[in-house]
Each structure stands twice: as C-alpha cells, then as structure tokens.
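Student: my_file_38.tsv is reproduced below (TSV, C-alpha atoms).
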```tsv
chain	number	residue	atom	x	y	z
A	1084	MET	CA	60.53	88.71	87.88
A	1085	PRO	CA	60.19	87.32	84.34
A	1086	ARG	CA	63.53	86.13	82.96
A	1087	ALA	CA	63.42	87.91	79.57
A	1088	PRO	CA	63.04	91.45	80.96
A	1089	PHE	CA	65.80	90.72	83.49
A	1090	ARG	CA	68.20	89.64	80.76
A	1091	ALA	CA	67.27	92.71	78.73
A	1092	SER	CA	68.06	94.95	81.72
A	1093	VAL	CA	71.44	93.29	82.23
A	1094	ALA	CA	72.23	93.68	78.55
A	1095	VAL	CA	71.33	97.36	78.61
A	1096	MET	CA	73.45	97.91	81.73
A	1097	ALA	CA	76.40	96.09	80.15
A	1098	LEU	CA	76.13	98.14	76.99
A	1099	GLY	CA	75.91	101.32	79.03
A	1100	THR	CA	79.01	100.38	81.03
A	1101	MET	CA	80.94	99.60	77.84
A	1102	ALA	CA	79.83	102.88	76.30
A	1103	ILE	CA	81.00	104.83	79.34
A	1104	ALA	CA	84.27	102.92	79.47
A	1105	SER	CA	84.96	103.72	75.83
A	1106	CYS	CA	84.53	107.47	76.40
A	1107	ASP	CA	87.92	108.50	77.75
A	1108	PRO	CA	88.98	111.67	75.93
A	1109	VAL	CA	92.44	111.67	77.52
A	1110	HIS	CA	93.11	108.13	76.32
A	1111	ASP	CA	91.58	108.87	72.94
A	1112	SER	CA	93.79	111.91	72.43
A	1113	ALA	CA	96.88	109.93	73.51
A	1114	VAL	CA	96.08	107.26	70.93
A	1115	ALA	CA	95.39	109.88	68.26
A	1116	ALA	CA	98.74	111.53	69.01
A	1117	LEU	CA	100.50	108.32	68.00
A	1118	GLY	CA	99.38	108.86	64.42
A	1119	ASP	CA	98.63	106.28	61.77
A	1120	GLU	CA	100.31	102.97	61.24
A	1121	THR	CA	103.50	103.05	59.20
A	1122	PRO	CA	102.59	102.20	55.58
A	1123	GLY	CA	103.50	98.61	54.78
A	1124	VAL	CA	103.67	97.49	58.42
A	1125	ARG	CA	100.68	95.50	59.58
A	1126	GLN	CA	99.31	95.66	63.09
A	1127	GLY	CA	101.23	93.06	65.07
A	1128	PRO	CA	104.54	92.48	66.85
A	1129	LEU	CA	106.54	94.57	64.39
A	1130	HIS	CA	104.37	97.67	64.34
A	1131	ARG	CA	104.81	101.08	65.94
A	1132	ALA	CA	108.44	100.64	66.98
A	1133	GLY	CA	109.57	103.33	69.41
A	1134	GLN	CA	106.06	104.25	70.50
A	1135	PRO	CA	104.64	103.84	74.03
A	1136	CYS	CA	103.05	100.40	73.67
A	1137	GLY	CA	100.97	100.67	76.82
A	1138	THR	CA	98.92	103.52	75.42
A	1139	CYS	CA	96.83	100.94	73.54
A	1140	HIS	CA	97.99	97.68	75.13
A	1141	ASP	CA	96.62	98.70	78.49
A	1142	GLY	CA	94.09	95.98	79.17
A	1143	THR	CA	91.07	98.23	78.68
A	1144	VAL	CA	88.01	96.46	77.32
A	1145	GLY	CA	88.03	96.70	73.54
A	1146	ASN	CA	91.74	97.52	73.30
A	1147	PRO	CA	94.50	95.17	72.10
A	1148	ARG	CA	95.89	92.61	74.56
A	1149	SER	CA	97.60	94.00	77.59
A	1150	PHE	CA	101.37	94.31	78.03
A	1151	SER	CA	102.95	94.75	81.44
A	1152	VAL	CA	106.27	95.93	80.00
A	1153	ALA	CA	107.11	96.70	76.38
A	1154	GLY	CA	109.44	98.80	74.28
A	1155	THR	CA	111.94	99.04	71.48
A	1156	ILE	CA	115.72	98.72	71.55
A	1157	TYR	CA	117.99	100.31	68.98
A	1158	VAL	CA	121.59	99.69	68.03
A	1159	ASP	CA	122.77	103.26	68.09
A	1160	GLU	CA	122.03	106.60	69.67
A	1161	HIS	CA	121.86	108.45	66.39
A	1162	ASP	CA	119.68	106.29	64.17
A	1163	THR	CA	116.80	103.85	64.45
A	1164	THR	CA	118.39	100.61	63.33
A	1165	PRO	CA	116.65	98.00	65.50
A	1166	ALA	CA	118.64	95.84	67.87
A	1167	VAL	CA	117.43	92.39	66.85
A	1168	ASP	CA	117.66	89.56	69.39
A	1169	ALA	CA	118.68	91.90	72.19
A	1170	THR	CA	117.86	90.58	75.65
A	1171	VAL	CA	115.93	92.81	78.04
A	1172	THR	CA	116.18	91.58	81.61
A	1173	LEU	CA	113.60	93.01	83.98
A	1174	THR	CA	114.05	92.62	87.73
A	1175	SER	CA	111.24	93.35	90.16
A	1176	ALA	CA	111.64	94.96	93.54
A	1177	ASN	CA	110.93	91.52	95.01
A	1178	GLY	CA	113.87	90.00	93.13
A	1179	ALA	CA	111.83	88.16	90.49
A	1180	SER	CA	113.18	88.62	86.99
A	1181	TYR	CA	112.15	87.97	83.43
A	1182	ALA	CA	114.11	88.10	80.19
A	1183	ALA	CA	112.45	89.16	76.95
A	1184	THR	CA	114.00	89.12	73.48
A	1185	THR	CA	113.55	91.78	70.83
A	1186	ASN	CA	112.15	90.90	67.41
A	1187	ALA	CA	113.05	92.11	63.92
A	1188	ALA	CA	111.69	95.57	64.68
A	1189	GLY	CA	113.62	95.80	67.94
A	1190	ASN	CA	110.33	95.46	69.81
A	1191	PHE	CA	109.82	93.36	72.91
A	1192	TYR	CA	106.68	92.90	74.91
A	1193	VAL	CA	105.72	91.06	78.06
A	1194	GLU	CA	102.20	89.99	78.91
A	1195	PRO	CA	100.97	90.16	82.51
A	1196	ALA	CA	100.67	86.37	82.73
A	1197	GLN	CA	104.35	86.06	81.84
A	1198	PHE	CA	105.61	88.71	84.22
A	1199	THR	CA	104.10	91.58	86.10
A	1200	PRO	CA	106.80	93.61	87.81
A	1201	GLN	CA	106.66	94.90	91.31
A	1202	TYR	CA	108.03	98.40	91.08
A	1203	PRO	CA	110.61	99.81	91.28
A	1204	MET	CA	112.05	97.66	88.52
A	1205	ALA	CA	115.64	97.38	87.33
A	1206	VAL	CA	116.41	96.97	83.63
A	1207	LEU	CA	119.44	95.50	81.91
A	1208	VAL	CA	119.72	95.31	78.13
A	1209	SER	CA	122.32	93.17	76.40
A	1210	TYR	CA	123.03	93.04	72.70
A	1211	GLY	CA	125.80	90.84	71.43
A	1212	ALA	CA	128.79	91.45	73.68
A	1213	ALA	CA	127.56	94.88	74.79
A	1214	PHE	CA	125.17	95.61	77.59
A	1215	VAL	CA	123.75	98.59	79.38
A	1216	ARG	CA	122.13	98.83	82.79
A	1217	MET	CA	119.53	101.54	83.27
A	1218	SER	CA	121.09	103.90	85.82
A	1219	THR	CA	117.82	104.59	87.59
A	1220	LEU	CA	114.99	102.24	88.48
A	1221	VAL	CA	111.66	102.31	86.70
A	1222	GLY	CA	109.10	103.66	89.12
A	1223	ARG	CA	105.78	102.80	87.56
A	1224	GLU	CA	105.79	102.94	83.78
A	1225	GLY	CA	105.77	99.76	81.70
A	1226	SER	CA	106.21	101.49	78.35
A	1227	CYS	CA	109.85	102.40	77.72
A	1228	ALA	CA	108.89	105.09	75.21
A	1229	THR	CA	106.93	107.10	77.75
A	1230	CYS	CA	110.28	108.38	79.01
A	1231	HIS	CA	112.55	107.26	76.15
A	1232	HIS	CA	110.97	109.10	73.27
A	1233	GLU	CA	112.24	111.22	70.41
A	1234	PRO	CA	113.75	113.71	70.46
A	1235	ALA	CA	116.04	113.47	73.47
A	1236	GLY	CA	115.71	116.58	75.59
A	1237	PRO	CA	114.87	117.87	79.06
A	1238	THR	CA	112.00	115.41	79.48
A	1239	SER	CA	113.34	112.43	77.53
A	1240	ALA	CA	116.45	110.34	77.60
A	1241	GLY	CA	115.98	109.60	73.89
A	1242	HIS	CA	115.45	106.13	72.51
A	1243	VAL	CA	116.91	103.07	74.22
A	1244	PHE	CA	120.14	101.84	72.66
A	1245	VAL	CA	123.05	99.68	73.64
A	1246	PRO	CA	126.32	101.59	73.39
A	1247	ALA	CA	129.20	99.49	72.14
A	1248	ASP	CA	131.21	100.28	75.27
A	1249	GLY	CA	128.34	99.31	77.53
A	1250	VAL	CA	128.17	102.72	79.20
A	1251	THR	CA	124.90	104.58	79.62
A	1252	PRO	CA	125.08	108.02	77.92
B	36	MET	CA	62.45	127.58	113.39
B	37	THR	CA	60.46	129.38	110.71
B	38	SER	CA	61.95	130.28	107.38
B	39	ALA	CA	61.51	133.96	108.18
B	40	ARG	CA	63.81	133.62	111.20
B	41	LEU	CA	66.21	131.27	109.45
B	42	ALA	CA	66.92	133.59	106.53
B	43	PRO	CA	68.52	136.43	108.57
B	44	LEU	CA	70.56	133.86	110.51
B	45	LEU	CA	71.94	132.32	107.32
B	46	ALA	CA	72.63	135.74	105.87
B	47	GLY	CA	74.56	136.65	109.02
B	48	ILE	CA	76.68	133.50	108.81
B	49	LEU	CA	77.44	134.17	105.16
B	50	LEU	CA	78.47	137.76	105.90
B	51	ALA	CA	80.66	136.69	108.81
B	52	THR	CA	82.50	134.05	106.80
B	53	ALA	CA	82.92	136.43	103.87
B	54	CYS	CA	84.80	138.84	106.12
B	55	VAL	CA	87.45	136.36	107.23
B	56	ALA	CA	88.76	135.58	103.77
B	57	THR	CA	92.56	135.48	103.60
B	58	SER	CA	94.20	138.22	101.63
B	59	GLY	CA	95.76	137.15	98.37
B	60	ASP	CA	98.91	138.89	99.45
B	61	ALA	CA	99.20	137.03	102.75
B	62	ARG	CA	102.72	135.86	103.57
B	63	VAL	CA	103.84	133.23	106.03
B	64	ALA	CA	107.36	133.38	107.38
B	65	VAL	CA	108.96	129.95	107.22
B	66	GLN	CA	112.22	128.49	108.36
B	67	PRO	CA	113.38	126.32	105.46
B	68	PRO	CA	115.94	123.54	105.76
B	69	ASP	CA	119.54	124.17	104.82
B	70	ARG	CA	119.99	124.96	101.13
B	71	GLY	CA	123.78	124.68	101.27
B	72	SER	CA	123.85	120.97	102.02
B	73	PHE	CA	120.77	120.19	99.94
B	74	PRO	CA	122.64	118.84	96.88
B	75	ALA	CA	123.55	115.70	98.82
B	76	VAL	CA	119.85	115.12	99.53
B	77	ALA	CA	118.74	116.20	96.07
B	78	ASP	CA	121.06	113.72	94.37
B	79	LEU	CA	119.37	110.95	96.35
B	80	LEU	CA	115.90	112.25	95.51
B	81	ASP	CA	116.90	112.51	91.86
B	82	ARG	CA	118.01	108.88	91.80
B	83	ARG	CA	115.20	107.35	93.82
B	84	CYS	CA	112.19	109.60	93.25
B	85	GLY	CA	112.90	111.79	90.22
B	86	THR	CA	112.67	109.34	87.33
B	87	LEU	CA	110.78	110.62	84.32
B	88	ASP	CA	107.83	108.34	85.07
B	89	CYS	CA	107.47	109.56	88.68
B	90	HIS	CA	108.45	112.92	90.15
B	91	GLY	CA	110.56	113.88	87.15
B	92	VAL	CA	107.59	115.50	85.43
B	93	THR	CA	106.47	119.09	85.54
B	94	TYR	CA	102.84	118.46	86.43
B	95	ARG	CA	103.60	116.91	89.82
B	96	ASN	CA	103.43	118.92	93.04
B	97	LEU	CA	106.80	117.50	93.98
B	98	ARG	CA	108.99	118.16	90.95
B	99	ILE	CA	112.50	116.82	91.10
B	100	TYR	CA	115.05	118.15	88.64
B	101	GLY	CA	118.43	116.59	88.11
B	102	ARG	CA	120.87	114.87	85.84
B	103	GLU	CA	119.12	111.49	85.87
B	104	GLY	CA	115.63	112.73	85.11
B	105	LEU	CA	113.90	116.00	84.40
B	106	ARG	CA	116.23	118.76	83.25
B	107	LEU	CA	115.56	122.44	83.71
B	108	ALA	CA	117.43	123.88	80.73
B	109	SER	CA	116.01	123.21	77.29
B	110	THR	CA	119.47	122.25	76.05
B	111	ASP	CA	120.08	119.61	78.73
B	112	ARG	CA	119.02	115.96	78.69
B	113	PRO	CA	119.10	113.15	81.23
B	114	SER	CA	122.58	111.83	81.85
B	115	SER	CA	124.26	109.35	84.15
B	116	ARG	CA	127.40	111.47	84.33
B	117	PRO	CA	127.89	112.47	87.98
B	118	GLY	CA	128.12	116.11	88.90
B	119	THR	CA	126.05	117.44	86.03
B	120	THR	CA	123.03	118.58	88.02
B	121	THR	CA	123.07	122.37	87.89
B	122	ASP	CA	122.63	124.82	90.77
B	123	ALA	CA	119.45	126.05	89.10
B	124	GLU	CA	118.12	122.48	89.20
B	125	TYR	CA	118.99	122.13	92.89
B	126	ASP	CA	117.18	125.44	93.48
B	127	ALA	CA	114.11	124.29	91.57
B	128	THR	CA	113.91	121.00	93.47
B	129	PHE	CA	114.48	122.77	96.79
B	130	GLU	CA	111.69	125.24	96.09
B	131	SER	CA	109.31	122.50	95.01
B	132	LEU	CA	110.02	120.40	98.10
B	133	VAL	CA	109.82	123.27	100.59
B	134	ALA	CA	106.66	124.60	98.99
B	135	LEU	CA	104.75	121.34	99.48
B	136	GLU	CA	103.94	122.03	103.13
B	137	PRO	CA	105.91	125.14	104.07
B	138	GLU	CA	104.39	125.68	107.50
B	139	THR	CA	104.78	122.05	108.55
B	140	MET	CA	108.32	121.91	107.20
B	141	SER	CA	109.12	125.10	109.05
B	142	ALA	CA	107.80	123.56	112.26
B	143	VAL	CA	109.89	120.42	111.77
B	144	VAL	CA	113.04	122.40	110.96
B	145	SER	CA	112.60	124.85	113.83
B	146	GLN	CA	112.26	121.89	116.20
B	147	ALA	CA	115.57	120.37	115.04
B	148	GLY	CA	113.90	117.78	112.84
B	149	ALA	CA	111.57	116.40	115.49
B	150	GLN	CA	108.77	114.18	114.19
B	151	PRO	CA	109.67	114.41	110.51
B	152	GLU	CA	106.75	112.13	109.77
B	153	ARG	CA	104.59	115.24	110.03
B	154	LEU	CA	105.70	115.86	106.46
B	155	THR	CA	103.76	114.03	103.79
B	156	PHE	CA	106.80	113.40	101.61
B	157	VAL	CA	108.54	111.65	104.50
B	158	ARG	CA	105.50	109.44	105.14
B	159	LYS	CA	105.04	108.63	101.48
B	160	ALA	CA	108.67	107.64	101.00
B	161	ARG	CA	108.38	105.34	104.01
B	162	GLY	CA	105.17	103.86	102.68
B	163	ALA	CA	103.30	105.07	105.75
B	164	GLU	CA	100.85	106.91	103.53
B	165	ASP	CA	99.29	105.89	100.25
B	166	HIS	CA	101.91	106.35	97.54
B	167	LYS	CA	101.72	105.26	93.93
B	168	GLY	CA	105.39	104.35	94.12
B	169	LEU	CA	104.79	102.38	97.34
B	170	ALA	CA	107.47	102.42	100.04
B	171	ILE	CA	110.70	103.80	98.59
B	172	TRP	CA	112.74	103.27	101.72
B	173	ALA	CA	112.27	102.22	105.32
B	174	GLU	CA	112.36	104.39	108.40
B	175	GLY	CA	115.92	104.40	109.69
B	176	SER	CA	117.44	103.33	106.37
B	177	PRO	CA	120.39	105.32	104.97
B	178	GLU	CA	118.02	107.07	102.57
B	179	ASP	CA	115.64	108.02	105.37
B	180	LEU	CA	118.53	109.18	107.58
B	181	CYS	CA	119.84	111.33	104.75
B	182	VAL	CA	116.53	113.19	104.49
B	183	THR	CA	115.80	113.42	108.20
B	184	SER	CA	119.32	114.61	109.03
B	185	TRP	CA	118.81	117.42	106.53
B	186	LEU	CA	115.52	118.35	108.15
B	187	ALA	CA	117.33	118.35	111.51
B	188	GLY	CA	119.92	120.80	110.21
B	189	LYS	CA	122.74	118.25	110.40
B	190	THR	CA	122.90	116.81	106.89
B	191	ASP	CA	124.75	113.50	107.01
B	192	VAL	CA	126.47	113.79	103.64
B	193	ALA	CA	128.34	110.50	104.03
B	194	THR	CA	125.08	108.64	104.65
B	195	CYS	CA	123.49	110.38	101.68
B	196	GLN	CA	126.36	109.26	99.47
B	197	ARG	CA	126.11	105.72	100.84
B	198	ALA	CA	122.38	105.72	100.15
B	199	LEU	CA	123.07	106.65	96.54
B	200	THR	CA	124.84	103.37	95.97
B	201	THR	CA	121.94	101.21	97.16
B	202	ARG	CA	119.18	100.21	94.77
```
Would it be possible to restate this file's structure as structure tokens?
Tutor:
Amino acid sequence: MPRAPFRASVAVMALGTMAIASCDPVHDSAVAALGDETPGVRQGPLHRAGQPCGTCHDGTVGNPRSFSVAGTIYVDEHDTTPAVDATVTLTSANGASYAATTNAAGNFYVEPAQFTPQYPMAVLVSYGAAFVRMSTLVGREGSCATCHHEPAGPTSAGHVFVPADGVTP
Amino acid sequence: MTSARLAPLLAGILLATACVATSGDARVAVQPPDRGSFPAVADLLDRRCGTLDCHGVTYRNLRIYGREGLRLASTDRPSSRPGTTTDAEYDATFESLVALEPETMSAVVSQAGAQPERLTFVRKARGAEDHKGLAIWAEGSPEDLCVTSWLAGKTDVATCQRALTTR
C-alpha cells in the first residue's frame, strides 16, 4: 500500500474520532450551564471559584488539563470570602493521602499525577486553628461543588467552609 | 421451508405471544422486610451509600434519603446532626430499596434471610457484582451483618450502630 494514502486515511480517521469525541451534548450543556467567566478574572487557578472544576478539567481531548480532585473552600457559611492557605487533606480508601493548599481564590486542585484517590475518600479541611472533617466519605466525585453547590438545600450541603468551632453544620 | 408456509407460522407465533402480555394492573404480593427496625439499617445506608455523589440522587434506582445526603423535604438540607432523618425519609428509602427486586426480596425474607446474595444490592455492596462504588463492605462485616440480619427478620441494631462508627 502506498504510504501517502495510508497516512491520509489515518489522518481522516483521527479527525473523525476527534469530531465524534467533541460531540457530547450532555457535557456541552453542563459546561454551558456554568456560564461565562467572571469579568476581570482570567482563565487560570483563580477562576470559577465554587464551580464543579471537573466539568471541564476532565481529561477529555481538547479540554483543559485534568484534575482528580478540586474545589473551593470558604471561610464562612453565609458568604463567599475565600479561605486562603487552607489545607485540604485527602485520604484514599487504601490509606494513601495527599494535602493540597488553597490559593487566593480559595481554590485547590490536584492533578492525577500528584494523587488519584481510590474511593471512598475521606476529606479533612483545616484553616488556621479550625478544622472540619467531612462526616461522610466521598464515593466517586472529584469536584467538591458537584454536591457542595449554592444554594444549600435538599440536594446540596452548600459551599464548603470551615466553621470556627470545627464542627460540621 | 417455503415463504408461503413460513408466513402463517410466523403470524401464529406473533399472535400467540401477543396474547400472553401482562396486564398493566398486575399485582404481585410480596413479603417485605421489617419496616419497624429499618431506621437502624437506613442510617447505615445513608452514611455509606447515600452520599450526594452516589445513591443520594433522585435519578438512581436505589435512592437513599437521610440527614447526611439527599433530603426529601424542600426545606431540609444535609446535616451531620444525629436523629434528624425523618420518618418520611425512612419510608422513601424503604420503598426504593424494596422496589428494586420485590419478588427476590420477598423470597429472601420469607426464607428467613437465606442466601441474601440473591439480591443485587447485597452483591454490589460486597463487591461481588460490578459496582461503580466498588466493594463497600465485606461479607460478614458489621455492615453486612446489619443488612442481612434485617433481611432475616432479626435486625441486629447493636451491630448496625457499631457499623456506623467504622469508616
């Protein structure tokens, strides 16, 4: 078989695969539901605080780099002041653990090469002298905001915060 | 066989199968497990299976309601405060669990909990069947004994409470 036609066939197949992979209406609608970027905040470590990071950072071809666990920590239950330099300790079912630190937006993110949890995963968040241990284990979801979104209600525990007395609400 | 002979045969098969369709009003009598002692089991399921990223969501076949995950009332929210799961939430979880495989569950219950592994939810929790959440507990563990004792009609409340403290 001549080499040039073979390469052309491979290229067409690759393009076709990429085209199919990019057509996921469920994913597309989930991304669209997140809305636009906050004005004045560039795409990067400080953007989209409080949103489910894994919606875009899911490792899909063409999407931003993948995160295994990511989220946002706040100081208080009632407002969205970020908890800066909070420590989020993740512990896998196999006992392995990893500590991530929140940035100026209260965001933290972990890449798969750093730590990929084996679920169920335990979570402990400390901020200054206060700390809070998640009362349940995380079963499968690496994005905190999938369950901890606004507003708090029957299907959401509300955003993650560290109560001063260290007690989970 | 010629097509002329085959056609009446196929038509006959189609007619025969059309006549055995189950009525939409069909009812199956089942013997459910004990509802009275279910809260001890439900609290364990809430803690270990009912998180908002697993069975604490309304689109799952097994929907677990409770204080630590999915709440039934629009005014409630997840809470770690013990004792705040409502009777309506216990009812909703009970109905969801029993309705998964009512005839099989009835068979297990009527045979004093024999071979509980006939139930898919028991196998999935043990990791004996493909489960997104992998094995949640091992056969014979306090968690497993809590569930199987309930299916046997002898809910071991103390073991259920002990299982709640393990992670």
Student: Tell me as a count of residues only which residues belonging to chain B come within 7 Å of chain A, counting only C-alpha atoms.
Tutor: 17
Student: List as a PyMOL selection string the residues having at least one atom at most 6 Å from position (106.7, 85.8, 84.2) as given in the file, counting all atoms listed in the file.
Tutor: chain A and resi 1181+1197-1198
Student: Could you save those same residues with C-alpha atoms as a PDB file, in the coordinates of the input?
Tutor:
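Result went into result-v4.pdb, see below:
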```pdb
ATOM      1  CA  TYR A1181     112.150  87.970  83.430  1.00  0.00           C
ATOM      2  CA  GLN A1197     104.350  86.060  81.840  1.00  0.00           C
ATOM      3  CA  PHE A1198     105.610  88.710  84.220  1.00  0.00           C
TER       4      PHE A1198
END
```
Student: Quick one: distance from atom CA of A:Arg1131 to atom CA of A:Asn1146 in Å, one decimal?
Tutor: 15.4 Å
Student: Report the distance between atom CA of A:Val1114 and atom CA of A:Val1144 in Å, rounded to one decimal place.
Tutor: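 About the pair atom CA of A:Val1114 and atom CA of A:Val1144: they are 14.9 Å apart.
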Student: When you draw a straight line from atom CA of B:Phe129 to atom CA of B:Arg62, how long is it in Å?
Tutor: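 We find that atom CA of B:Phe129 and atom CA of B:Arg62 lie 18.9 Å from each other.
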Student: A:Ser1209: which residues within 12 Å, counting all atoms listed in the file, same-chain residues fewer than 2 positions away excluded, as a ChimeraX atom specification?
Tutor: /A:1156-1158,1166-1173,1182-1185,1206-1207,1211-1217,1243-1250
Student: Which residues are near stretch 173-184 of chain B? Cut-off 6 Å, all atoms listed in the file, ignore same chain within fewer than 2 positions. Put them as a short mmCIF file (atom, residue, chain, number, x, y, z; two decimals) with C-alpha atoms, in the frame of the given file.
Tutor:
```
data_model
loop_
_atom_site.label_atom_id
_atom_site.label_comp_id
_atom_site.auth_asym_id
_atom_site.auth_seq_id
_atom_site.Cartn_x
_atom_site.Cartn_y
_atom_site.Cartn_z
CA ARG B 161 108.38 105.34 104.01
CA LEU B 186 115.52 118.35 108.15
CA ALA B 187 117.33 118.35 111.51
CA LYS B 189 122.74 118.25 110.40
CA THR B 190 122.90 116.81 106.89
CA ASP B 191 124.75 113.50 107.01
CA THR B 194 125.08 108.64 104.65
CA CYS B 195 123.49 110.38 101.68
CA ALA B 198 122.38 105.72 100.15
#
```
Student: In file coordinates, which residues lie within 7 Å of (98.1, 94.2, 79.0) using all atoms listed in the file, given as a PyMOL selection string?
Tutor: chain A and resi 1140-1142+1148-1151+1194-1195
Student: For B:Trp185, which of B:His90, B:Arg153, B:Arg70, B:Arg40 is the closest residue, counting all atoms listed in the file?
Tutor: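 So, comparing all the options, the nearest one is B:Arg70.
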Student: Nearest to A:Ala1116: which of A:Glu1160, A:Ser1180, A:Ala1132, A:Thr1138 is it, counting all atoms listed in the file?
Tutor: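 Of A:Glu1160, A:Ser1180, A:Ala1132, A:Thr1138, the one nearest A:Ala1116 is A:Thr1138, counting all atoms listed in the file.
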Student: When distances are computed from all atoms listed in the file, which of B:Val192, B:Asp122, B:Gly59, B:Pro67 shows the smallest separation from B:Ala147?
Tutor: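 Of B:Val192, B:Asp122, B:Gly59, B:Pro67, the one nearest B:Ala147, counting all atoms listed in the file, is B:Pro67.
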Student: Can you work out which one of B:Gln196, B:Tyr100, B:Thr201, B:Val144 has the shortest atom-to-atom distance to B:Ala75, counting all atoms listed in the file?
Tutor: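 Of B:Gln196, B:Tyr100, B:Thr201, B:Val144, the one nearest B:Ala75, counting all atoms listed in the file, is B:Gln196.
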